[in-house]
Each structure stands twice: as structure tokens, then as C-alpha cells.
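Structure file target-v4.txt (compact mmCIF, C-alpha atoms) is printed below.
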```
# COMPACT_ATOMS: atom_id res chain seq x y z
CA SER A 7 68.36 -38.95 -19.91
CA GLN A 8 70.92 -41.24 -18.37
CA THR A 9 70.96 -44.99 -18.89
CA ILE A 10 73.20 -47.74 -17.59
CA HIS A 11 73.84 -51.02 -19.36
CA GLN A 12 75.40 -54.26 -18.18
CA TRP A 13 76.61 -57.10 -20.32
CA PRO A 14 76.06 -60.02 -20.33
CA ALA A 15 72.76 -60.51 -18.49
CA THR A 16 73.61 -64.06 -17.45
CA LEU A 17 76.79 -66.09 -17.53
CA VAL A 18 77.71 -69.65 -16.60
CA GLN A 19 81.43 -70.27 -16.29
CA PRO A 20 83.60 -73.17 -15.09
CA VAL A 21 85.86 -72.82 -12.09
CA GLY A 22 89.25 -71.50 -13.11
CA SER A 23 88.04 -69.69 -16.21
CA PRO A 24 88.50 -65.92 -16.73
CA LEU A 25 85.75 -63.34 -16.33
CA SER A 26 84.93 -60.01 -17.89
CA LEU A 27 81.74 -58.10 -17.09
CA GLU A 28 81.07 -54.76 -18.69
CA CYS A 29 79.12 -51.73 -17.54
CA THR A 30 78.52 -48.62 -19.63
CA VAL A 31 76.72 -45.40 -18.78
CA GLU A 32 75.13 -43.01 -21.27
CA GLY A 33 73.92 -39.46 -20.91
CA THR A 34 76.34 -38.22 -18.26
CA SER A 35 80.00 -37.31 -17.95
CA ASN A 36 82.58 -38.14 -15.30
CA PRO A 37 80.26 -40.26 -13.16
CA ASN A 38 81.32 -42.17 -10.08
CA LEU A 39 81.01 -45.87 -10.90
CA TYR A 40 80.49 -48.79 -8.54
CA TRP A 41 80.52 -52.60 -8.67
CA TYR A 42 78.42 -54.50 -6.14
CA ARG A 43 77.86 -58.20 -5.56
CA GLN A 44 74.60 -59.52 -4.19
CA ALA A 45 74.39 -63.06 -2.86
CA ALA A 46 71.10 -64.93 -2.50
CA GLY A 47 69.02 -61.87 -3.35
CA ARG A 48 69.97 -59.97 -0.20
CA GLY A 49 72.65 -57.54 0.94
CA LEU A 50 74.66 -55.49 -1.53
CA GLN A 51 78.40 -55.71 -1.00
CA LEU A 52 80.45 -52.90 -2.52
CA LEU A 53 83.40 -54.38 -4.40
CA PHE A 54 84.99 -51.46 -6.25
CA TYR A 55 84.34 -47.82 -6.95
CA SER A 56 85.90 -45.36 -9.35
CA VAL A 57 85.94 -41.56 -9.41
CA GLY A 58 87.65 -41.28 -12.80
CA ILE A 59 89.48 -43.01 -15.65
CA GLY A 60 92.10 -45.37 -14.29
CA GLN A 61 91.15 -44.63 -10.67
CA ILE A 62 89.93 -47.73 -8.85
CA SER A 63 89.39 -48.31 -5.15
CA SER A 64 88.88 -51.80 -3.81
CA GLU A 65 86.63 -52.30 -0.85
CA VAL A 66 87.32 -55.95 -0.04
CA PRO A 67 90.20 -58.30 -0.81
CA GLN A 68 89.06 -60.87 -3.33
CA ASN A 69 89.62 -62.74 -6.52
CA LEU A 70 88.30 -59.91 -8.69
CA SER A 71 89.69 -56.73 -10.20
CA ALA A 72 88.15 -53.69 -11.88
CA SER A 73 89.24 -51.28 -14.55
CA ARG A 74 87.92 -48.06 -16.04
CA PRO A 75 89.44 -47.65 -19.49
CA GLN A 76 87.00 -44.93 -20.56
CA ASP A 77 84.99 -42.29 -18.69
CA ARG A 78 81.72 -44.20 -18.90
CA GLN A 79 82.96 -47.79 -19.01
CA PHE A 80 83.62 -49.95 -15.98
CA ILE A 81 84.86 -53.54 -16.24
CA LEU A 82 84.93 -56.29 -13.64
CA SER A 83 87.44 -59.07 -14.25
CA SER A 84 88.94 -62.21 -12.85
CA LYS A 85 91.82 -64.36 -14.11
CA LYS A 86 90.50 -67.53 -12.46
CA LEU A 87 86.97 -67.83 -11.15
CA LEU A 88 86.14 -69.54 -7.86
CA LEU A 89 82.87 -71.17 -6.87
CA SER A 90 82.40 -68.39 -4.33
CA ASP A 91 82.38 -65.79 -7.12
CA SER A 92 78.85 -66.83 -8.07
CA GLY A 93 76.28 -64.13 -7.51
CA PHE A 94 74.39 -61.21 -8.94
CA TYR A 95 76.72 -58.39 -9.99
CA LEU A 96 75.37 -54.88 -10.11
CA CYS A 97 76.95 -51.78 -11.55
CA ALA A 98 75.83 -48.34 -10.40
CA TRP A 99 76.65 -44.72 -11.16
CA SER A 100 76.28 -41.42 -9.37
CA VAL A 101 76.97 -37.77 -10.10
CA TRP A 102 80.14 -36.47 -8.48
CA PRO A 103 80.77 -34.02 -6.98
CA SER A 104 77.23 -33.46 -5.91
CA SER A 105 75.17 -32.56 -2.89
CA TYR A 106 73.00 -35.50 -3.79
CA ASN A 107 74.30 -39.02 -3.24
CA GLU A 108 71.83 -41.03 -5.26
CA GLN A 109 73.18 -44.10 -6.99
CA PHE A 110 71.44 -45.56 -10.02
CA PHE A 111 71.76 -49.25 -10.75
CA GLY A 112 72.07 -51.28 -13.91
CA PRO A 113 70.04 -54.42 -14.63
CA GLY A 114 72.71 -56.75 -13.24
CA THR A 115 74.60 -59.83 -14.41
CA ARG A 116 73.80 -63.23 -12.95
CA LEU A 117 77.05 -65.22 -12.71
CA THR A 118 77.05 -68.93 -11.95
CA VAL A 119 80.40 -70.65 -11.46
CA LEU A 120 80.27 -74.42 -11.76
CA GLY B 23 82.23 -52.91 8.46
CA GLN B 24 79.53 -50.33 9.05
CA GLN B 25 76.04 -51.78 8.70
CA LEU B 26 72.51 -50.56 8.78
CA ASN B 27 69.98 -52.56 10.76
CA GLN B 28 66.90 -52.96 8.61
CA SER B 29 63.70 -54.52 9.91
CA PRO B 30 61.68 -56.53 9.48
CA GLN B 31 63.58 -58.98 7.31
CA SER B 32 60.37 -60.14 5.67
CA MET B 33 56.69 -59.34 5.68
CA PHE B 34 53.64 -61.26 4.48
CA ILE B 35 50.60 -59.04 4.16
CA GLN B 36 47.18 -58.94 2.58
CA GLU B 37 46.49 -56.67 -0.36
CA GLY B 38 45.19 -53.33 0.88
CA GLU B 39 47.14 -53.35 4.14
CA ASP B 40 49.65 -50.69 5.08
CA VAL B 41 53.34 -51.57 5.47
CA SER B 42 56.07 -50.04 7.58
CA MET B 43 59.79 -50.82 7.63
CA ASN B 44 62.76 -49.02 9.13
CA CYS B 45 66.51 -48.73 9.27
CA THR B 46 68.65 -47.76 12.21
CA SER B 47 72.31 -47.10 12.78
CA SER B 48 74.62 -46.20 15.62
CA SER B 49 76.20 -43.55 13.39
CA ILE B 50 74.88 -40.30 11.96
CA PHE B 51 74.01 -40.19 8.26
CA ASN B 52 73.54 -37.16 6.01
CA THR B 53 71.57 -39.00 3.35
CA TRP B 54 68.96 -41.76 3.44
CA LEU B 55 67.79 -43.52 0.30
CA TRP B 56 65.13 -46.17 -0.21
CA TYR B 57 65.29 -48.64 -3.10
CA LYS B 58 63.04 -51.42 -4.38
CA GLN B 59 64.40 -54.49 -6.15
CA ASP B 60 62.24 -56.79 -8.26
CA PRO B 61 63.46 -60.37 -8.75
CA GLY B 62 66.38 -60.58 -11.18
CA GLU B 63 66.64 -56.83 -11.65
CA GLY B 64 68.69 -53.97 -10.30
CA PRO B 65 67.41 -51.83 -7.40
CA VAL B 66 65.34 -48.80 -8.34
CA LEU B 67 65.48 -45.60 -6.31
CA LEU B 68 62.15 -44.78 -4.67
CA ILE B 69 62.81 -41.86 -2.32
CA ALA B 70 65.82 -39.76 -1.33
CA LEU B 71 66.05 -37.84 1.97
CA TYR B 72 68.64 -35.17 2.74
CA LYS B 73 67.50 -33.32 5.87
CA ALA B 74 66.84 -34.49 9.41
CA GLY B 75 63.09 -34.60 9.97
CA GLU B 76 62.33 -34.53 6.24
CA LEU B 77 59.16 -36.35 5.23
CA THR B 78 58.81 -37.18 1.54
CA SER B 79 56.11 -38.98 -0.41
CA ASN B 80 56.13 -40.75 -3.75
CA GLY B 81 52.61 -41.92 -4.54
CA ARG B 82 51.61 -44.43 -1.87
CA LEU B 83 55.12 -44.41 -0.41
CA THR B 84 56.21 -42.12 2.40
CA ALA B 85 59.67 -41.98 3.96
CA GLN B 86 61.14 -39.94 6.78
CA PHE B 87 64.66 -38.96 7.79
CA GLY B 88 64.87 -39.38 11.55
CA ILE B 89 65.52 -36.35 13.74
CA THR B 90 68.58 -37.99 15.30
CA ARG B 91 69.94 -38.68 11.76
CA LYS B 92 70.44 -42.30 12.82
CA ASP B 93 67.26 -43.79 11.41
CA SER B 94 64.71 -43.71 8.63
CA PHE B 95 61.41 -45.40 7.90
CA LEU B 96 59.41 -46.25 4.80
CA ASN B 97 55.63 -46.66 4.76
CA ILE B 98 53.56 -48.12 1.95
CA SER B 99 49.84 -47.47 2.10
CA ALA B 100 47.13 -49.67 0.62
CA SER B 101 49.54 -52.31 -0.70
CA ILE B 102 48.95 -53.93 -4.08
CA PRO B 103 50.44 -57.12 -5.59
CA SER B 104 53.06 -55.19 -7.61
CA ASP B 105 54.56 -53.91 -4.34
CA VAL B 106 56.15 -57.35 -3.98
CA GLY B 107 59.94 -57.22 -3.88
CA ILE B 108 62.88 -56.44 -1.65
CA TYR B 109 63.16 -52.96 -0.18
CA PHE B 110 66.58 -51.63 0.76
CA CYS B 111 67.54 -48.63 2.80
CA ALA B 112 70.89 -46.99 2.14
CA GLY B 113 72.71 -44.25 3.95
CA GLN B 114 75.71 -42.07 3.42
CA ARG B 115 77.94 -40.58 6.05
CA ASP B 116 80.06 -37.47 5.69
CA ASN B 117 83.36 -37.72 3.85
CA GLN B 118 82.58 -41.08 2.28
CA GLY B 119 83.10 -40.00 -1.33
CA GLY B 120 79.63 -40.92 -2.47
CA LYS B 121 79.73 -44.46 -1.08
CA LEU B 122 76.53 -45.87 0.36
CA ILE B 123 75.95 -48.34 3.16
CA PHE B 124 73.02 -50.68 2.55
CA GLY B 125 70.64 -52.43 4.88
CA GLN B 126 70.03 -56.14 4.44
CA GLY B 127 66.62 -55.60 2.87
CA THR B 128 62.98 -56.24 3.72
CA GLU B 129 61.29 -58.84 1.54
CA LEU B 130 57.63 -57.96 1.01
CA SER B 131 55.03 -60.50 -0.07
CA VAL B 132 51.48 -59.35 -0.83
CA LYS B 133 48.61 -61.81 -0.97
CA PRO B 134 45.81 -60.78 -3.35
```
Target encoding C-alpha cells, full file:
Amino acid sequence: SQTIHQWPATLVQPVGSPLSLECTVEGTSNPNLYWYRQAAGRGLQLLFYSVGIGQISSEVPQNLSASRPQDRQFILSSKKLLLSDSGFYLCAWSVWPSSYNEQFFGPGTRLTVL
Amino acid sequence: GQQLNQSPQSMFIQEGEDVSMNCTSSSIFNTWLWYKQDPGEGPVLLIALYKAGELTSNGRLTAQFGITRKDSFLNISASIPSDVGIYFCAGQRDNQGGKLIFGQGTELSVKP
């Protein structure tokens, strides 16, 4: 069966510090991968998605970047965090190509920027 | 960007009551998904719908894909305290490469 992991679970960082959040998927090959941010427990905003190694699409201009160094690893980064980067970050995966468009979410990372 | 209109935003109900929530859009979707999110956790997929008019159940949950392909509803029968959480609808349009559009969520509170 497939599982998705996110690390760390919680993070408190000062403004201006770097960021690296990791997402890994097990039990599937060549998944589509997604990074979302959720503010105040509502509304999932798609930040990045990837259809393969090294292939990243950005949905919104922002202070963050994403990378996919391996097939089942997706990393969210920032060189200098802003207060507005605080939120709940969710990674998700889906099978592609597929007639079914279900996305499966990880447990999330709670980021607080002080 | 494209949004789904999900309503109601929140519901406060008594244990045992039935619940209904819905999502609408001005655009046609080819997939509707319903998720539940518990506090501090990632959303969990409840029901997936792929055909207009499709009605699918998962235990006490029932969801339907609207005939016009522009809406979907989720019903929960005989609510229990563990139904508490935020319910999200999500839809996918053609040629979107697997990307989903999410509603803003319905927060459900159940009083024992």
C-alpha cells in the first residue's frame, strides 16, 4: 500500500531564516506530487506540482521554491522566511496518467515564523 | 482563480441529526471529490465521483455528482461526535493535469 510522509511535523523559525520541508511517498512509482498551503484551517492553496523528477510548476508567485530530486521525494524550500509564510503545509500525491484524479495527502507540517 | 462555492461555511448540529453540504461552480467538472480534515491532520478522501448523476455511499456518507456537472452534494446521516471536522469538496476540470480546485470547506460541529 502507498504511504506519504512529511517531515518535520512542526517547525518554528525566525524571520529571514531558511526553510526545507520534505515529503516522501512509498509504494508507488512516478506519482504526481503537490505542495499546498492552508491558512487558518481553511482553504487549500496549491503552491507547486510536479509530474516527474526535476519538473516543477509554480502556481503562485511567492517566497518559496520546490524541487524533486528523486521520483518519490518532493522538497519545499525558502532562502529567507517571511511572517506571511506561516501556515500548515500539505504534500499530496496522485497517480498519473490516470482516469482517476484522487489526491492523497500527507499529515502536514505546521510552520510558524516569528 | 477558479473557485468552488461550498456551503454552508459552518454547521452546529445535535448528535443523530442528518447533515447536508454542497459545492457549486460556474464551470463544468469531470471529477468531484469529498475530503474530511481532522484538526492538525491532512485531509482524508471520503468519496470520489466520476460520472454526472452518480450517487455513491460510504457508510453513513452519501455524495452525488450533479447532472449539470457543475455541482455536488455530501450528506451525512445520523451524525456522531467523530464526524466533527472540516469537509472539503474538490473538483477537476478537463485538461488540468491532475490539479484539483478546492472549496473553502464546511466546518461541522456535533453536540453530543
message: Neighbouring residues of Ala74 in chain B were defined as those with any atom within 10 Å, considering only C-alpha atoms; residues of the same chain fewer than 2 positions away were excluded. Please report them as a list in words.
response: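 The residues that qualify are Phe51, Asn52, Thr53, Trp54, Leu71, Tyr72, Glu76, Leu77, Gln86, Phe87, Gly88, Ile89, Thr90, Arg91, Lys92, Asp93 and Ser94 of chain B.
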- prompt: Which residues, protein or nucleic acid, reach to within 8 Å of (71.8, -37.7, -19.7) in the file's coordinates when using all atoms listed in the file, and can you give that as a list in words?
  reply: Ser7, Gln8, Thr9, Glu32, Gly33 and Thr34 of chain A
field: Best match for closeness to Ala112 in chain B among A:Ser63, A:Ser92, A:Thr118, A:Gln51, counting all atoms listed in the file
entry: A:Gln51
Using all atoms listed in the file and a distance of at most 12 Å, pull out the residues of chain B that contact chain A, as a short mmCIF file (atom, residue, chain, number, x, y, z; two decimals) with C-alpha atoms, in the frame of the given file.
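Listed below is the output, part.cif:
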```cif
data_model
loop_
_atom_site.label_atom_id
_atom_site.label_comp_id
_atom_site.auth_asym_id
_atom_site.auth_seq_id
_atom_site.Cartn_x
_atom_site.Cartn_y
_atom_site.Cartn_z
CA GLY B 23 82.23 -52.91 8.46
CA GLN B 24 79.53 -50.33 9.05
CA GLN B 25 76.04 -51.78 8.70
CA LEU B 26 72.51 -50.56 8.78
CA ASN B 27 69.98 -52.56 10.76
CA GLN B 28 66.90 -52.96 8.61
CA GLN B 31 63.58 -58.98 7.31
CA SER B 32 60.37 -60.14 5.67
CA PHE B 51 74.01 -40.19 8.26
CA ASN B 52 73.54 -37.16 6.01
CA THR B 53 71.57 -39.00 3.35
CA TRP B 54 68.96 -41.76 3.44
CA LEU B 55 67.79 -43.52 0.30
CA TRP B 56 65.13 -46.17 -0.21
CA TYR B 57 65.29 -48.64 -3.10
CA LYS B 58 63.04 -51.42 -4.38
CA GLN B 59 64.40 -54.49 -6.15
CA ASP B 60 62.24 -56.79 -8.26
CA PRO B 61 63.46 -60.37 -8.75
CA GLY B 62 66.38 -60.58 -11.18
CA GLU B 63 66.64 -56.83 -11.65
CA GLY B 64 68.69 -53.97 -10.30
CA PRO B 65 67.41 -51.83 -7.40
CA VAL B 66 65.34 -48.80 -8.34
CA LEU B 67 65.48 -45.60 -6.31
CA LEU B 68 62.15 -44.78 -4.67
CA ILE B 69 62.81 -41.86 -2.32
CA ALA B 70 65.82 -39.76 -1.33
CA LEU B 71 66.05 -37.84 1.97
CA TYR B 72 68.64 -35.17 2.74
CA LYS B 73 67.50 -33.32 5.87
CA GLY B 107 59.94 -57.22 -3.88
CA ILE B 108 62.88 -56.44 -1.65
CA TYR B 109 63.16 -52.96 -0.18
CA PHE B 110 66.58 -51.63 0.76
CA CYS B 111 67.54 -48.63 2.80
CA ALA B 112 70.89 -46.99 2.14
CA GLY B 113 72.71 -44.25 3.95
CA GLN B 114 75.71 -42.07 3.42
CA ARG B 115 77.94 -40.58 6.05
CA ASP B 116 80.06 -37.47 5.69
CA ASN B 117 83.36 -37.72 3.85
CA GLN B 118 82.58 -41.08 2.28
CA GLY B 119 83.10 -40.00 -1.33
CA GLY B 120 79.63 -40.92 -2.47
CA LYS B 121 79.73 -44.46 -1.08
CA LEU B 122 76.53 -45.87 0.36
CA ILE B 123 75.95 -48.34 3.16
CA PHE B 124 73.02 -50.68 2.55
CA GLY B 125 70.64 -52.43 4.88
CA GLN B 126 70.03 -56.14 4.44
CA GLY B 127 66.62 -55.60 2.87
CA THR B 128 62.98 -56.24 3.72
CA GLU B 129 61.29 -58.84 1.54
#
```
task: Could you jot down the CA of Ser73 in chain A to CA of Ser35 in chain A separation for me, Å, one decimal place?
output: 17.1 Å
Please rebuild range 88-111 of chain A with N, CA and C atoms and return the result as a PDB file, in the frame of the given file.
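For reference, selection-v4.pdb as written:
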```
ATOM      1  N   LEU A  88      86.379 -68.584  -8.933  1.00  0.00           N
ATOM      2  CA  LEU A  88      86.140 -69.540  -7.860  1.00  0.00           C
ATOM      3  C   LEU A  88      84.643 -69.783  -7.738  1.00  0.00           C
ATOM      4  N   LEU A  89      84.290 -70.902  -7.103  1.00  0.00           N
ATOM      5  CA  LEU A  89      82.870 -71.170  -6.870  1.00  0.00           C
ATOM      6  C   LEU A  89      82.212 -70.018  -6.107  1.00  0.00           C
ATOM      7  N   SER A  90      82.939 -69.454  -5.177  1.00  0.00           N
ATOM      8  CA  SER A  90      82.400 -68.390  -4.330  1.00  0.00           C
ATOM      9  C   SER A  90      82.179 -67.080  -5.072  1.00  0.00           C
ATOM     10  N   ASP A  91      82.613 -67.007  -6.321  1.00  0.00           N
ATOM     11  CA  ASP A  91      82.380 -65.790  -7.120  1.00  0.00           C
ATOM     12  C   ASP A  91      80.970 -65.749  -7.704  1.00  0.00           C
ATOM     13  N   SER A  92      80.233 -66.835  -7.579  1.00  0.00           N
ATOM     14  CA  SER A  92      78.850 -66.830  -8.070  1.00  0.00           C
ATOM     15  C   SER A  92      78.043 -65.764  -7.358  1.00  0.00           C
ATOM     16  N   GLY A  93      77.122 -65.148  -8.105  1.00  0.00           N
ATOM     17  CA  GLY A  93      76.280 -64.130  -7.510  1.00  0.00           C
ATOM     18  C   GLY A  93      75.686 -63.228  -8.557  1.00  0.00           C
ATOM     19  N   PHE A  94      75.016 -62.198  -8.076  1.00  0.00           N
ATOM     20  CA  PHE A  94      74.390 -61.210  -8.940  1.00  0.00           C
ATOM     21  C   PHE A  94      75.233 -59.942  -8.846  1.00  0.00           C
ATOM     22  N   TYR A  95      75.803 -59.528  -9.971  1.00  0.00           N
ATOM     23  CA  TYR A  95      76.720 -58.390  -9.990  1.00  0.00           C
ATOM     24  C   TYR A  95      75.997 -57.159 -10.537  1.00  0.00           C
ATOM     25  N   LEU A  96      76.070 -56.115  -9.760  1.00  0.00           N
ATOM     26  CA  LEU A  96      75.370 -54.880 -10.110  1.00  0.00           C
ATOM     27  C   LEU A  96      76.362 -53.738 -10.273  1.00  0.00           C
ATOM     28  N   CYS A  97      76.172 -52.996 -11.317  1.00  0.00           N
ATOM     29  CA  CYS A  97      76.950 -51.780 -11.550  1.00  0.00           C
ATOM     30  C   CYS A  97      76.042 -50.585 -11.231  1.00  0.00           C
ATOM     31  N   ALA A  98      76.611 -49.538 -10.715  1.00  0.00           N
ATOM     32  CA  ALA A  98      75.830 -48.340 -10.400  1.00  0.00           C
ATOM     33  C   ALA A  98      76.649 -47.094 -10.718  1.00  0.00           C
ATOM     34  N   TRP A  99      75.958 -45.982 -10.922  1.00  0.00           N
ATOM     35  CA  TRP A  99      76.650 -44.720 -11.160  1.00  0.00           C
ATOM     36  C   TRP A  99      76.023 -43.628 -10.302  1.00  0.00           C
ATOM     37  N   SER A 100      76.800 -42.597 -10.060  1.00  0.00           N
ATOM     38  CA  SER A 100      76.280 -41.420  -9.370  1.00  0.00           C
ATOM     39  C   SER A 100      76.985 -40.184  -9.900  1.00  0.00           C
ATOM     40  N   VAL A 101      76.372 -39.043  -9.703  1.00  0.00           N
ATOM     41  CA  VAL A 101      76.970 -37.770 -10.100  1.00  0.00           C
ATOM     42  C   VAL A 101      77.966 -37.372  -9.020  1.00  0.00           C
ATOM     43  N   TRP A 102      79.150 -36.941  -9.452  1.00  0.00           N
ATOM     44  CA  TRP A 102      80.140 -36.470  -8.480  1.00  0.00           C
ATOM     45  C   TRP A 102      80.972 -35.346  -9.073  1.00  0.00           C
ATOM     46  N   PRO A 103      81.264 -34.260  -8.332  1.00  0.00           N
ATOM     47  CA  PRO A 103      80.770 -34.020  -6.980  1.00  0.00           C
ATOM     48  C   PRO A 103      79.317 -33.549  -7.019  1.00  0.00           C
ATOM     49  N   SER A 104      78.643 -33.804  -5.947  1.00  0.00           N
ATOM     50  CA  SER A 104      77.230 -33.460  -5.910  1.00  0.00           C
ATOM     51  C   SER A 104      76.775 -33.402  -4.466  1.00  0.00           C
ATOM     52  N   SER A 105      75.776 -32.573  -4.216  1.00  0.00           N
ATOM     53  CA  SER A 105      75.170 -32.560  -2.890  1.00  0.00           C
ATOM     54  C   SER A 105      74.217 -33.732  -2.720  1.00  0.00           C
ATOM     55  N   TYR A 106      73.940 -34.396  -3.808  1.00  0.00           N
ATOM     56  CA  TYR A 106      73.000 -35.500  -3.790  1.00  0.00           C
ATOM     57  C   TYR A 106      73.769 -36.800  -4.015  1.00  0.00           C
ATOM     58  N   ASN A 107      73.484 -37.804  -3.239  1.00  0.00           N
ATOM     59  CA  ASN A 107      74.300 -39.020  -3.240  1.00  0.00           C
ATOM     60  C   ASN A 107      73.555 -40.206  -3.808  1.00  0.00           C
ATOM     61  N   GLU A 108      72.632 -39.940  -4.724  1.00  0.00           N
ATOM     62  CA  GLU A 108      71.830 -41.030  -5.260  1.00  0.00           C
ATOM     63  C   GLU A 108      72.657 -41.872  -6.212  1.00  0.00           C
ATOM     64  N   GLN A 109      72.549 -43.173  -6.052  1.00  0.00           N
ATOM     65  CA  GLN A 109      73.180 -44.100  -6.990  1.00  0.00           C
ATOM     66  C   GLN A 109      72.080 -44.762  -7.807  1.00  0.00           C
ATOM     67  N   PHE A 110      72.396 -44.966  -9.091  1.00  0.00           N
ATOM     68  CA  PHE A 110      71.440 -45.560 -10.020  1.00  0.00           C
ATOM     69  C   PHE A 110      72.037 -46.855 -10.558  1.00  0.00           C
ATOM     70  N   PHE A 111      71.250 -47.917 -10.470  1.00  0.00           N
ATOM     71  CA  PHE A 111      71.760 -49.250 -10.750  1.00  0.00           C
ATOM     72  C   PHE A 111      71.434 -49.733 -12.159  1.00  0.00           C
TER      73      PHE A 111
END
```
